[in-house]
Structure formats: C-alpha cells, structure tokens
file upload.cif (mmCIF, C-alpha atoms)
data_input
loop_
_atom_site.label_atom_id
_atom_site.label_comp_id
_atom_site.auth_asym_id
_atom_site.auth_seq_id
_atom_site.Cartn_x
_atom_site.Cartn_y
_atom_site.Cartn_z
CA MET G 13 24.19 -55.85 60.63
CA ASN G 14 24.95 -58.73 58.35
CA THR G 15 21.60 -59.34 56.72
CA GLY G 16 22.83 -62.80 55.83
CA THR G 17 22.58 -63.78 59.47
CA PRO G 18 19.74 -66.30 59.86
CA GLY G 19 16.81 -64.93 61.81
CA TRP G 20 16.97 -67.60 64.50
CA GLU G 21 20.63 -66.72 65.11
CA LEU G 22 19.84 -63.02 65.20
CA PHE G 23 17.06 -63.69 67.69
CA ALA G 24 19.42 -65.69 69.87
CA ARG G 25 22.10 -62.97 69.93
CA TYR G 26 19.72 -60.35 71.29
CA ALA G 27 17.59 -62.63 73.47
CA PHE G 28 20.43 -64.33 75.33
CA PRO G 29 21.33 -61.49 77.76
CA PRO G 30 17.91 -61.19 79.50
CA ASN G 31 17.36 -64.94 79.19
CA GLU G 32 20.62 -65.60 81.02
CA LEU G 33 19.52 -63.23 83.80
CA GLY G 34 16.21 -65.07 84.17
CA TYR G 35 14.18 -62.02 83.13
CA CYS G 36 12.75 -63.33 79.87
CA GLY G 37 12.14 -66.59 78.12
CA PRO G 38 12.27 -70.23 79.16
CA PRO G 39 14.94 -71.70 81.45
CA ASP G 40 18.31 -72.83 80.05
CA SER G 41 19.68 -69.87 78.15
CA SER G 42 22.54 -72.04 76.89
CA VAL G 43 20.17 -73.17 74.14
CA LEU G 44 20.64 -69.73 72.58
CA LEU G 45 24.40 -69.89 72.39
CA GLN G 46 26.19 -70.66 69.19
CA GLY G 47 26.21 -74.32 68.39
CA ALA G 48 22.57 -75.00 69.14
CA GLY G 49 20.52 -75.96 66.13
CA HIS G 50 17.89 -73.98 64.31
CA SER G 51 14.95 -76.07 65.49
CA GLU G 52 16.11 -76.07 69.09
CA ILE G 53 16.46 -72.27 69.12
CA ALA G 54 13.12 -71.86 67.34
CA ARG G 55 11.38 -73.87 70.08
CA HIS G 56 13.12 -71.82 72.74
CA ALA G 57 12.23 -68.53 71.00
CA ALA G 58 8.53 -69.37 70.97
CA GLY G 59 8.71 -69.48 74.76
CA PHE G 60 9.58 -65.78 74.94
CA ASP G 61 6.09 -64.70 75.83
CA GLY G 62 7.07 -61.03 75.61
CA ALA G 63 8.78 -61.08 72.22
CA TRP G 64 6.84 -63.77 70.42
CA PRO G 65 3.53 -61.88 69.98
CA TYR G 66 5.44 -59.02 68.32
CA LEU G 67 7.28 -61.39 65.99
CA GLU G 68 4.00 -63.06 65.02
CA GLU G 69 2.33 -59.72 64.32
CA ILE G 70 5.25 -58.46 62.22
CA ALA G 71 5.39 -61.72 60.28
CA ALA G 72 1.66 -61.60 59.58
CA ALA G 73 1.80 -57.95 58.54
CA VAL G 74 4.64 -58.37 56.04
CA GLY G 75 3.66 -61.81 54.78
CA ALA G 76 6.69 -63.58 56.20
CA GLY G 77 6.52 -67.32 56.35
CA HIS G 78 7.82 -67.57 59.90
CA PRO G 79 8.27 -65.24 62.88
CA LEU G 80 11.99 -66.01 62.88
CA GLU G 81 12.69 -64.80 59.35
CA THR G 82 15.63 -62.39 59.43
CA ALA G 83 13.66 -59.31 58.37
CA VAL G 84 11.04 -59.97 61.05
CA VAL G 85 13.57 -60.47 63.82
CA ARG G 86 15.53 -57.40 62.71
CA SER G 87 12.35 -55.31 62.80
CA TYR G 88 11.63 -56.40 66.36
CA TRP G 89 15.09 -55.84 67.84
CA ILE G 90 16.32 -52.98 65.61
CA GLY G 91 13.39 -51.43 63.71
CA GLY G 92 12.95 -50.47 60.08
CA PRO G 93 10.29 -49.66 57.50
CA GLN G 94 8.45 -52.97 57.96
CA LEU G 95 7.17 -51.74 61.31
CA ALA G 96 4.87 -49.37 59.45
CA ALA G 97 3.00 -52.36 58.05
CA VAL G 98 1.99 -53.60 61.49
CA ASP G 99 -1.46 -52.61 62.73
CA GLY G 100 -0.54 -50.86 65.95
CA ALA G 101 -4.09 -50.86 67.29
CA ARG G 102 -4.41 -54.61 66.75
CA LEU G 103 -1.06 -55.25 68.41
CA ALA G 104 -2.03 -53.06 71.35
CA ARG G 105 -5.27 -55.04 71.79
CA ARG G 106 -3.34 -58.28 71.72
CA LEU G 107 -0.82 -57.04 74.26
CA ARG G 108 -3.54 -55.68 76.56
CA ALA G 109 -5.34 -59.02 76.44
CA ALA G 110 -2.17 -61.00 77.01
CA PHE G 111 -0.95 -58.83 79.87
CA ALA G 112 -4.30 -58.31 81.58
CA GLY G 113 -3.75 -58.58 85.31
CA GLN G 114 -0.12 -57.58 84.95
CA PRO G 115 1.28 -54.28 86.17
CA THR G 116 2.28 -52.44 83.00
CA GLY G 117 3.68 -49.03 82.24
CA VAL G 118 1.55 -46.99 79.84
CA LEU G 119 0.17 -49.82 77.70
CA ASP G 120 -3.41 -48.85 78.53
CA SER G 121 -2.78 -45.18 77.81
CA VAL G 122 -1.04 -45.35 74.43
CA ARG G 123 -3.64 -44.00 72.05
CA ALA G 124 -1.59 -44.20 68.86
CA GLY G 125 -1.28 -47.99 69.08
CA ALA G 126 1.69 -50.18 69.84
CA VAL G 127 5.02 -50.15 68.02
CA ALA G 128 6.09 -53.68 67.08
CA ASN G 129 9.58 -53.11 68.37
CA HIS G 130 11.42 -54.21 71.49
CA SER G 131 11.63 -50.61 72.66
CA PHE G 132 7.87 -50.51 73.03
CA HIS G 133 7.93 -53.54 75.30
CA VAL G 134 10.64 -51.98 77.44
CA PHE G 135 9.20 -48.51 77.76
CA ALA G 136 5.44 -48.99 77.48
CA VAL G 137 4.64 -52.55 78.56
CA TYR G 138 7.12 -53.04 81.37
CA PRO G 139 6.00 -51.25 84.54
CA TRP G 140 9.17 -49.25 85.13
CA VAL G 141 8.01 -45.88 83.80
CA ARG G 142 5.48 -45.91 86.64
CA PHE G 143 8.29 -45.42 89.11
CA LEU G 144 10.16 -42.58 87.42
CA ASP G 145 8.41 -39.93 89.48
CA ILE G 146 9.14 -41.74 92.76
CA ASP G 147 12.85 -42.44 92.37
CA PRO G 148 14.18 -42.35 88.80
CA ALA G 149 17.60 -43.89 89.48
CA THR G 150 16.56 -47.55 89.53
CA PRO G 151 14.02 -47.34 86.68
CA LEU G 152 16.51 -45.47 84.49
CA ARG G 153 19.22 -48.06 85.17
CA ILE G 154 16.90 -50.93 84.28
CA LEU G 155 15.35 -49.26 81.24
CA GLN G 156 18.79 -48.28 79.92
CA ALA G 157 20.16 -51.81 80.26
CA CYS G 158 17.02 -53.40 78.88
CA ARG G 159 16.73 -51.27 75.74
CA ILE G 160 18.92 -52.04 72.74
CA ARG G 161 21.76 -49.50 72.83
CA TRP G 162 24.05 -48.57 69.97
CA GLY G 163 27.49 -47.04 69.92
CA THR G 164 31.06 -47.08 68.70
CA VAL G 165 33.69 -49.41 70.13
CA LEU G 166 36.54 -47.38 71.61
CA SER G 167 38.71 -50.24 72.87
CA VAL G 168 38.61 -54.01 73.24
CA ASP G 169 40.18 -56.37 75.76
CA ASP G 170 39.84 -60.11 76.26
CA GLU G 171 36.21 -60.02 77.39
CA HIS G 172 34.96 -56.43 77.38
CA VAL G 173 34.72 -53.43 75.13
CA VAL G 174 34.50 -49.78 76.03
CA MET G 175 31.83 -48.36 73.79
CA THR G 176 29.92 -45.14 73.45
CA SER G 177 26.21 -45.01 74.16
CA ARG G 178 23.57 -42.45 74.98
CA PRO G 179 22.24 -42.73 78.52
CA LEU G 180 18.56 -42.46 79.24
CA ARG G 181 17.64 -39.22 80.98
CA PHE G 182 14.56 -38.12 82.86
CA ASP G 183 14.30 -34.34 82.94
CA ALA G 184 11.21 -32.32 83.82
CA GLY G 185 9.09 -35.44 83.57
CA VAL G 186 10.29 -36.37 80.08
CA LEU G 187 12.32 -39.41 79.02
CA THR G 188 15.04 -38.57 76.50
CA LEU G 189 18.39 -39.83 75.27
CA GLY G 190 21.29 -37.88 76.75
CA ASP G 191 24.68 -37.00 75.38
CA THR G 192 27.08 -39.80 74.46
CA THR G 193 29.14 -41.34 77.24
CA ALA G 194 31.41 -44.38 77.51
CA GLU G 195 30.48 -47.68 79.13
CA SER G 196 32.06 -51.11 79.51
CA VAL G 197 30.13 -54.02 78.01
CA ARG G 198 31.02 -57.70 77.78
CA TRP G 199 31.64 -59.21 74.34
CA SER G 200 32.98 -62.60 75.47
CA ARG G 201 32.97 -64.89 78.48
CA ASP G 202 35.14 -67.96 78.81
CA GLY G 203 35.60 -68.01 75.05
CA THR G 204 31.91 -67.67 74.26
CA SER G 205 30.53 -64.64 72.45
CA LEU G 206 27.24 -63.75 70.85
CA ALA G 207 28.82 -62.29 67.72
CA PRO G 208 32.23 -62.05 66.06
CA ALA G 209 34.90 -60.19 68.03
CA PRO G 210 34.37 -56.44 67.77
CA ARG G 211 37.19 -54.10 66.78
CA PRO G 212 37.80 -50.48 67.74
CA GLY G 213 35.75 -48.25 65.48
CA ASP G 214 32.99 -50.82 64.96
CA THR G 215 29.43 -49.76 65.60
CA VAL G 216 27.72 -52.33 67.80
CA ALA G 217 24.47 -53.05 69.62
CA ALA G 218 24.34 -53.90 73.31
CA HIS G 219 21.60 -55.48 75.39
CA TRP G 220 22.05 -55.69 79.14
CA ASP G 221 25.74 -56.46 79.66
CA TRP G 222 26.46 -58.02 76.26
CA VAL G 223 27.51 -56.87 72.82
CA CYS G 224 24.98 -58.52 70.50
CA GLY G 225 26.48 -57.72 67.11
CA SER G 226 27.62 -55.07 64.70
CA LEU G 227 25.39 -52.43 63.14
CA ASP G 228 25.63 -50.51 59.89
CA ALA G 229 24.46 -46.94 59.39
CA GLU G 230 21.00 -48.04 58.32
CA ASP G 231 20.66 -50.21 61.42
CA VAL G 232 21.61 -47.31 63.67
CA ALA G 233 19.15 -44.99 61.94
CA ASP G 234 16.35 -47.54 62.25
CA LEU G 235 17.15 -48.34 65.88
CA GLU G 236 17.34 -44.69 66.84
CA HIS G 237 14.10 -43.94 65.00
CA ALA G 238 12.23 -46.80 66.73
CA THR G 239 13.63 -45.85 70.14
CA VAL G 240 12.83 -42.15 69.83
CA ALA G 241 9.37 -42.85 68.39
CA THR G 242 8.59 -45.07 71.35
CA LEU G 243 9.90 -42.52 73.82
CA ASP G 244 7.64 -39.91 72.21
CA LEU G 245 4.64 -42.23 72.59
CA VAL G 246 5.49 -42.94 76.20
CA ASN G 247 6.04 -39.28 77.08
CA THR G 248 2.72 -38.38 75.49
CA ALA G 249 0.94 -41.17 77.36
CA ARG G 250 2.53 -40.14 80.66
CA ARG G 251 1.41 -36.52 80.15
CA SER G 252 -2.10 -37.74 79.36
CA ASP G 253 -2.19 -39.94 82.47
CA GLN G 254 -0.96 -37.11 84.66
CA SER G 255 -3.50 -34.69 83.19
CA LEU G 256 -6.32 -37.15 83.83
CA SER G 257 -5.18 -37.79 87.40
CA ARG G 258 -5.06 -34.05 88.09
CA HIS G 259 -8.63 -33.65 86.88
CA ALA G 260 -9.97 -36.77 88.57
CA MET L 18 8.41 -65.03 81.58
CA CYS L 19 8.96 -61.53 80.26
CA LEU L 20 6.73 -59.73 82.70
CA GLY L 21 5.80 -59.77 86.33
CA ILE L 22 5.50 -63.01 88.21
CA PRO L 23 3.39 -63.39 91.35
CA GLY L 24 4.81 -64.54 94.65
CA ARG L 25 3.99 -64.57 98.34
CA VAL L 26 6.09 -62.93 101.01
CA VAL L 27 7.69 -65.40 103.41
CA SER L 28 9.55 -62.89 105.56
CA MET L 29 11.60 -59.73 105.49
CA VAL L 30 15.36 -60.28 105.21
CA ALA L 31 17.20 -58.84 108.20
CA GLY L 32 20.20 -56.58 107.68
CA TYR L 33 19.20 -54.82 104.46
CA GLY L 34 17.42 -51.78 105.83
CA GLY L 35 14.00 -53.22 105.14
CA GLN L 36 14.77 -53.34 101.41
CA LEU L 37 14.76 -57.10 100.85
CA ALA L 38 12.01 -59.67 101.27
CA LEU L 39 12.10 -63.43 100.93
CA VAL L 40 9.32 -64.38 98.53
CA ASP L 41 7.94 -67.77 97.56
CA VAL L 42 7.63 -67.97 93.78
CA ALA L 43 6.07 -71.24 92.67
CA GLY L 44 7.73 -73.09 95.51
CA GLU L 45 11.12 -71.46 95.10
CA GLN L 46 12.22 -68.85 97.63
CA ARG L 47 13.85 -65.73 96.17
CA ARG L 48 15.24 -62.53 97.66
CA VAL L 49 13.54 -59.56 96.04
CA ASN L 50 13.92 -55.82 96.50
CA ILE L 51 10.87 -53.94 97.78
CA GLY L 52 12.44 -50.49 97.46
CA MET L 53 10.27 -49.36 94.56
CA LEU L 54 7.20 -49.27 96.79
CA PRO L 55 8.33 -47.13 99.73
CA GLY L 56 4.78 -46.41 100.86
CA GLU L 57 3.85 -50.06 101.26
CA THR L 58 4.35 -52.41 104.17
CA PHE L 59 5.05 -56.08 103.66
CA ALA L 60 4.35 -59.05 105.90
CA ALA L 61 4.37 -62.81 105.60
CA GLY L 62 1.51 -63.96 103.42
CA ASP L 63 1.26 -60.80 101.31
CA TRP L 64 0.97 -61.36 97.57
CA VAL L 65 3.30 -59.37 95.30
CA ILE L 66 4.21 -59.08 91.63
CA ILE L 67 7.95 -59.27 90.91
CA HIS L 68 9.75 -57.89 87.87
CA MET L 69 13.49 -58.14 87.37
CA GLY L 70 14.13 -58.76 91.02
CA PHE L 71 11.93 -55.94 92.31
CA VAL L 72 8.45 -55.98 93.76
CA VAL L 73 6.50 -53.70 91.43
CA GLU L 74 3.02 -54.22 92.87
CA LYS L 75 1.37 -55.44 96.04
CA THR L 76 -1.71 -57.46 95.20
CA ASP L 77 -3.99 -60.14 96.61
CA ALA L 78 -4.64 -63.79 95.80
CA ARG L 79 -7.05 -62.84 93.01
CA GLY L 80 -4.56 -60.38 91.49
CA ALA L 81 -1.84 -63.01 91.64
CA GLU L 82 -4.07 -65.50 89.85
CA GLU L 83 -4.97 -62.90 87.21
CA ALA L 84 -1.29 -62.25 86.59
CA MET L 85 -0.68 -65.96 86.14
CA THR L 86 -3.67 -66.24 83.82
CA GLY L 87 -2.27 -63.44 81.68
CA LEU L 88 1.08 -65.16 81.51
CA ARG L 89 -0.58 -68.38 80.40
CA LEU L 90 -2.48 -66.56 77.66
CA MET L 91 0.55 -64.89 76.13
CA GLY L 92 1.23 -65.88 72.60
CA SER L 93 -2.11 -67.64 72.31
CA GLY L 94 -3.46 -65.17 69.76
CA LEU L 95 -5.85 -62.28 69.69
CA ASP L 96 -9.55 -62.09 70.05
CA GLU L 97 -10.38 -60.45 66.74
CA ASP L 98 -13.22 -58.41 68.20
CA PRO L 99 -11.99 -55.00 69.30
#
call {"tool": "encode", "arguments": {"input": "upload.cif", "output": "structure tokens"}}
result
Amino acid sequence: MNTGTPGWELFARYAFPPNELGYCGPPDSSVLLQGAGHSEIARHAAGFDGAWPYLEEIAAAVGAGHPLETAVVRSYWIGGPQLAAVDGARLARRLRAAFAGQPTGVLDSVRAGAVANHSFHVFAVYPWVRFLDIDPATPLRILQACRIRWGTVLSVDDEHVVMTSRPLRFDAGVLTLGDTTAESVRWSRDGTSLAPAPRPGDTVAAHWDWVCGSLDAEDVADLEHATVATLDLVNTARRSDQSLSRHA
Amino acid sequence: MCLGIPGRVVSMVAGYGGQLALVDVAGEQRRVNIGMLPGETFAAGDWVIIHMGFVVEKTDARGAEEAMTGLRLMGSGLDEDP
C-alpha cells in the first residue's frame, strides 16, 4: 500500500464496493469515486454507520486528529500494530449498544473484546455466521466477498484481473482460510477504477467484486493477522454458544 | 446502513419456489430472499429484518422499531458506564 495515499481516498477505495451495492453507507456511491473532494468524501464516510464507530475508536486510541487519517483507515481495512492500542472491551460495548435490536453474529458472545478491524464487523457483527450450520453455501459466499481478500494478480484484461485468493472454508464447525485458488475480480468499469491499473505479479486487495489497491508484504501480513485473529475469536465464540445451548 | 433493515412483507413472489418475498422497506418495495430461514413461514404483514438482500430474522413491530432505533444510534458515541 502506498502510505502516501490520503486517508479519505483510502477509505473511498475500500468502501465503494459495498456502497455501490447498497449494503453499506449513504446513497450515491459516486461520491466515493476519484474526483470527489476531500470534504465531500469525509461527509459521506461519516454516514457509514458500520465503519465509522471503529474509525473513531482507533483514532481516539492512537491520538489521531481525525478518523480519516491514513494510519487509522489502514488499521480498519487492513490491520496493523495500532489495533493493539484500541480497548476491545470498550469497542464491544459501543457496538452492542449501537446494534441493540439488530440480529448479529457472535457480537454478544465474544469475551475477548472486539477487534477494531473490518474483519470483525464481517465475521462477528454481521449475522451470517448464524446460518453456517443451516446451509453454509450462501453465508460463505457473502462472508468471502465481504471480507478484504488479498492475492497475486495472474493476468489483467480491460476491466478484470484474475487473482489468487484463499477461499473461506467451513469444516467441522470451524471457519478457516482454504488453499489458494484463482478468481476474477473487476479493476475497472467504463474507464473508472478505484486504484491504479494492476499488473501481473502485483499483490492486491479485493472487496466484493473490485480490486481496491495494491498491498506490500507488510500489508499482507497485517491483513492476514487481523483476519485470522478474528476468525479465531469467532470460532471460539461459536463453540461457547454451542456448548451453552447444549447445556441449557 | 451497514446492518439489517426492517421491512414488512407485502406478498410472496410467484415463480421462485417460495424463495422470494416482496417487502416494503420505508415505502420502497424490494424483492428479498427468504431462503436463509427455511423453518419460517411468511405472509403479508409480517415484519422482517433484511441484510444484503436476504431476510435474516422474522420479527414483530416492536423488533422492527428496535432495529431502527439501533440504526439511528450508530455513531452517536458510547455510554461510558460499562
């Protein structure tokens, strides 16, 4: 990742795909595309009622002046050592209060506190892990698309790349990352892209059906660490829930 | 919104094997998939919570209002008392 990328631009690159689909954030995802101004994107970003509490908590924990500072935004989407500064118990309380009345996954069961990373929202706050034991195909498809994936670009055409990524697996009641496979992901549409054109061999991040930008080795390590740490929390919480239900 | 949004079933959509319902969400009618709740039945007037195009919970008017209240509270800060 180019750490010189302004935080508001970094936020926009990763937030556009679910915003375009109508899953997250305010209407009019075009605000997030390149060309919009900093203040306009900042206003739009504050309307992401899922992401914004995390950004505020990270900013407060590390003493950042604004939730859209680059290091804060990177921590939320990718991960990194700054996440350790966030009070996970406090964040969990905030999320439980904010999402009271909402169907959630294992938010109420996570004893170790929340992780201030997008992966936590996907796997613990969203309700989809509830459905894994009923019919895992749809939850796995949604969770896989919704998490930030990383991989190597194998080929590029006018609008898509073929890239490697690790699929989400659900075996014996446990969520894990499987062996690397290839998938096709959009990097451009009608001349618009979220990041500079990728090249074969680049390591990139993908969110839903879009390439969001390039990653360096440190980014990949941080993203994998945050993802795996969250999966461990979720698997532990699911085991705890199932144990309690068996003894109820 | 980044979480579930409440809506009210208008009707089932014919021709999709009982998998799609037409749901009123804040005055806008949307087709949503009910396949994640195979044990539930759905009829006009039922309240549901929708996430990413799927019904993820069947609820009642009070539950729908609670979900909306939660959405309105998001980002408004934390009660400091644990």
call {"tool": "residues_near_point", "arguments": {"input": "upload.cif", "point": "(3.2, -38.7, 80.3)", "cutoff": "10 Å", "atoms": "all atoms listed in the file", "output": "list in words"}}
result
Val118, Ser121, Val122, Val141, Arg142, Gly185, Val186, Leu187, Asp244, Leu245, Val246, Asn247, Thr248, Ala249, Arg250, Arg251, Ser252, Asp253, Gln254 and Ser255 of chain G
call {"tool": "closest_residue", "arguments": {"input": "upload.cif", "among": "G:Ala63, G:Val84, G:Ile160, G:Val197", "to": "chain L", "atoms": "all atoms listed in the file"}}
result
G:Ala63
call {"tool": "residues_around", "arguments": {"input": "upload.cif", "residues": "Met69 of chain L", "least_positions_apart": "2", "cutoff": "12 Å", "atoms": "all atoms listed in the file", "output": "PyMOL selection string"}}
result
(chain G and resi 30-31+33-36+138-140+150-151+153-155+157-158) or (chain L and resi 18-22+47-51+53+66-67+71-73)
call {"tool": "resolve_selection", "arguments": {"input": "upload.cif", "expression": "the PyMOL selection byres ((chain G and resi 193) around 8)", "output": "ChimeraX atom specification"}}
result
/G:176-179,191-192,194-195
call {"tool": "residues_around", "arguments": {"input": "upload.cif", "residues": "Gly19 of chain G", "least_positions_apart": "4", "cutoff": "9 Å", "atoms": "all atoms listed in the file", "output": "list in words"}}
result
Thr15, Phe23, Ala24, Pro79, Leu80, Glu81, Thr82, Ala83, Val84, Val85 and Arg86 of chain G
call {"tool": "atom_distance", "arguments": {"input": "upload.cif", "atom1": "atom CA of Gln36 of chain L", "atom2": "atom CA of Asp147 of chain G"}}
result
14.3 Å
call {"tool": "interface_residues", "arguments": {"input": "upload.cif", "of": "chain G", "to": "chain L", "cutoff": "6 Å", "atoms": "all atoms listed in the file", "output": "list in words"}}
result
Tyr35, Cys36, Gly37, Asp61, Gly62, Pro65, Arg106, Ala110, Phe111, Ala112, Gly113 and Gln114 of chain G
call {"tool": "atom_distance", "arguments": {"input": "upload.cif", "atom1": "atom CA of Gln94 of chain G", "atom2": "atom CA of Ala73 of chain G"}}
result
8.3 Å
call {"tool": "atom_distance", "arguments": {"input": "upload.cif", "atom1": "atom CA of Gly92 of chain G", "atom2": "atom CA of Leu119 of chain G"}}
result
21.8 Å
call {"tool": "closest_residue", "arguments": {"input": "upload.cif", "among": "G:Gly77, G:Gly190, G:Gly203, G:Gly163", "to": "Val223 of chain G", "atoms": "all atoms listed in the file"}}
result
G:Gly163
call {"tool": "closest_residue", "arguments": {"input": "upload.cif", "among": "G:His78, G:Gly91, G:Pro39, G:Asp120", "to": "Gly59 of chain G", "atoms": "only C-alpha atoms"}}
result
G:Pro39
call {"tool": "resolve_selection", "arguments": {"input": "upload.cif", "expression": "the PyMOL selection byres ((chain G and resi 210) around 8)", "output": "PyMOL selection string"}}
result
chain G and resi 165+168+173+199+208-209+211-212+214+216+226
call {"tool": "residues_around", "arguments": {"input": "upload.cif", "residues": "segment 43-46 of chain L", "least_positions_apart": "5", "cutoff": "10 Å", "atoms": "all atoms listed in the file", "output": "ChimeraX atom specification"}}
result
/L:22-27,38
